[in-house]
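Novice: There's a structure below that I have some questions on.
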Amino acid sequence: MDLTIINKIRTNNFNDERVMQKITDMWKSASIELSKHEGNTYGLYHEYESDYQGDYTLGVAIEGKNESSIVIPNDTKYEIFKVNTDEEQGIFNTWNEIWKKEEEGQLKRAYTYDFEKYYPDGNIDIYIAVKEK
């Protein structure tokens, strides 16, 4: 899958007190281009420093290929988490579930490319790359 990055930031969920503001600003600045887009939209997590507590790059992306595209290998294995979009904090709650599963040893993350997939119908799935068994 080829994803074209519209905008991106570098941040940390635990050591960057501006993390939420950076993410909000990133999505806001991408919204003009996204308003013309009718397909799926992605929040792409990559360039991990270490694990979920380290620095990472987050980008807003759409499907397509250009000079700034990132190619997600087709053979990547994912565990998919459905976001409860009825909850105001649905995405945040789903990430907390992912981190908890990892801490409990139930999720072996690969830390390559993870993404939130936003469907045009309003549904959201989070794809977590997992290590081969």
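Starting from 1 in every chain, residues are counted up; chains themselves are A, B, ... following the order of the structure tokens, and ligands are numbered from 1 as listed.
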I need the residues of chain A that end up classed as helix (DSSP H, G or I) by DSSP on the backbone, written out as a ChimeraX atom specification.
Specialist: /A:19-34,90-103
Novice: Residues near range 56-65 of chain A, anyone? I mean within 8 Å using only C-alpha atoms, not counting same-chain ones fewer than 5 positions away, as a list of chain:residue names.
Specialist: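 The neighbour list is A:Met1, A:Asp2, A:Leu3, A:Thr4, A:Ile5, A:Ile6, A:Asn7, A:Lys8, A:Ile9, A:Arg10, A:Thr11, A:Asn12, A:Met26, A:Trp27, A:Ala30, A:Gly39, A:Asn40, A:Thr41, A:Tyr42, A:Gly43, A:Leu44, A:Tyr45, A:His46, A:Glu47, A:Tyr48, A:Glu49.
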Novice: Using only C-alpha atoms, which residues sit within 12 Å of Glu132 in chain A once same-chain residues fewer than 5 positions away are excluded, as a PyMOL selection string?
Specialist: chain A and resi 75-79+107-110
Novice: Write out the residues from the selection above, keeping N, CA, C and O atoms, as a PDB file, in the first residue's frame.
Specialist:
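Writing done, so here's out.pdb:
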ATOM      1  N   ASP A  75       3.242  -7.650   2.994  1.00  0.00           N
ATOM      2  CA  ASP A  75       3.307  -8.845   3.842  1.00  0.00           C
ATOM      3  C   ASP A  75       3.313  -8.520   5.339  1.00  0.00           C
ATOM      4  O   ASP A  75       3.486  -9.406   6.166  1.00  0.00           O
ATOM      5  N   THR A  76       3.098  -7.242   5.683  1.00  0.00           N
ATOM      6  CA  THR A  76       3.044  -6.853   7.087  1.00  0.00           C
ATOM      7  C   THR A  76       1.808  -7.479   7.740  1.00  0.00           C
ATOM      8  O   THR A  76       0.711  -7.401   7.190  1.00  0.00           O
ATOM      9  N   LYS A  77       2.000  -8.091   8.898  1.00  0.00           N
ATOM     10  CA  LYS A  77       0.886  -8.673   9.655  1.00  0.00           C
ATOM     11  C   LYS A  77       0.377  -7.625  10.642  1.00  0.00           C
ATOM     12  O   LYS A  77       1.171  -6.964  11.313  1.00  0.00           O
ATOM     13  N   TYR A  78      -0.949  -7.519  10.730  1.00  0.00           N
ATOM     14  CA  TYR A  78      -1.561  -6.525  11.610  1.00  0.00           C
ATOM     15  C   TYR A  78      -2.581  -7.162  12.536  1.00  0.00           C
ATOM     16  O   TYR A  78      -3.265  -8.102  12.164  1.00  0.00           O
ATOM     17  N   GLU A  79      -2.669  -6.610  13.741  1.00  0.00           N
ATOM     18  CA  GLU A  79      -3.819  -6.860  14.601  1.00  0.00           C
ATOM     19  C   GLU A  79      -4.670  -5.599  14.478  1.00  0.00           C
ATOM     20  O   GLU A  79      -4.161  -4.478  14.598  1.00  0.00           O
ATOM     21  N   LEU A 107       0.375  -8.689  23.107  1.00  0.00           N
ATOM     22  CA  LEU A 107       0.547  -8.043  21.805  1.00  0.00           C
ATOM     23  C   LEU A 107       2.040  -7.821  21.587  1.00  0.00           C
ATOM     24  O   LEU A 107       2.686  -7.121  22.357  1.00  0.00           O
ATOM     25  N   LYS A 108       2.591  -8.437  20.563  1.00  0.00           N
ATOM     26  CA  LYS A 108       4.019  -8.306  20.226  1.00  0.00           C
ATOM     27  C   LYS A 108       4.146  -7.373  19.029  1.00  0.00           C
ATOM     28  O   LYS A 108       4.058  -7.787  17.880  1.00  0.00           O
ATOM     29  N   ARG A 109       4.326  -6.095  19.326  1.00  0.00           N
ATOM     30  CA  ARG A 109       4.359  -5.083  18.264  1.00  0.00           C
ATOM     31  C   ARG A 109       5.686  -5.092  17.513  1.00  0.00           C
ATOM     32  O   ARG A 109       6.745  -5.309  18.080  1.00  0.00           O
ATOM     33  N   ALA A 110       5.589  -4.818  16.206  1.00  0.00           N
ATOM     34  CA  ALA A 110       6.780  -4.778  15.352  1.00  0.00           C
ATOM     35  C   ALA A 110       7.395  -3.383  15.308  1.00  0.00           C
ATOM     36  O   ALA A 110       8.570  -3.234  14.997  1.00  0.00           O
TER      37      ALA A 110
END
Novice: What are the DSSP strand (DSSP E) residues of chain A, as a PyMOL selection string?
Specialist: chain A and resi 2-11+41-46+56-63+69-71+78-82+114-118+124-129
Novice: So which one's closest to Phe14 in chain A, A:Asp51, A:Glu88, A:Glu67, A:Asp121? Using only C-alpha atoms, please.
Specialist: A:Asp51
Novice: Which residues, written as a list of chain:residue names, have at least one atom at most 8 Å from Asp125 in chain A, with only C-alpha atoms counted and residues fewer than 6 positions away on the same chain left out?
Specialist: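 Close residues of Asp125 in chain A: A:Ile80, A:Phe81, A:Lys82, A:Val83, A:Glu116, A:Lys117, A:Tyr118.
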Novice: Between CA of Thr85 in chain A and CA of Asp55 in chain A, what is the distance in Å, rounded to a tenth?
Specialist: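 About the pair CA of Thr85 in chain A and CA of Asp55 in chain A: they are 26.7 Å apart.
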Novice: Could you state the separation of CA of Lys100 in chain A and CA of Ile23 in chain A in Å, given to one decimal place?
Specialist: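 Distance reported for this atom pair: 22.1 Å.
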Novice: I'd like the interatomic distance between CA of Trp95 in chain A and CA of Tyr52 in chain A, to a tenth of an Å.
Specialist: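 The value is 10.0 Å.
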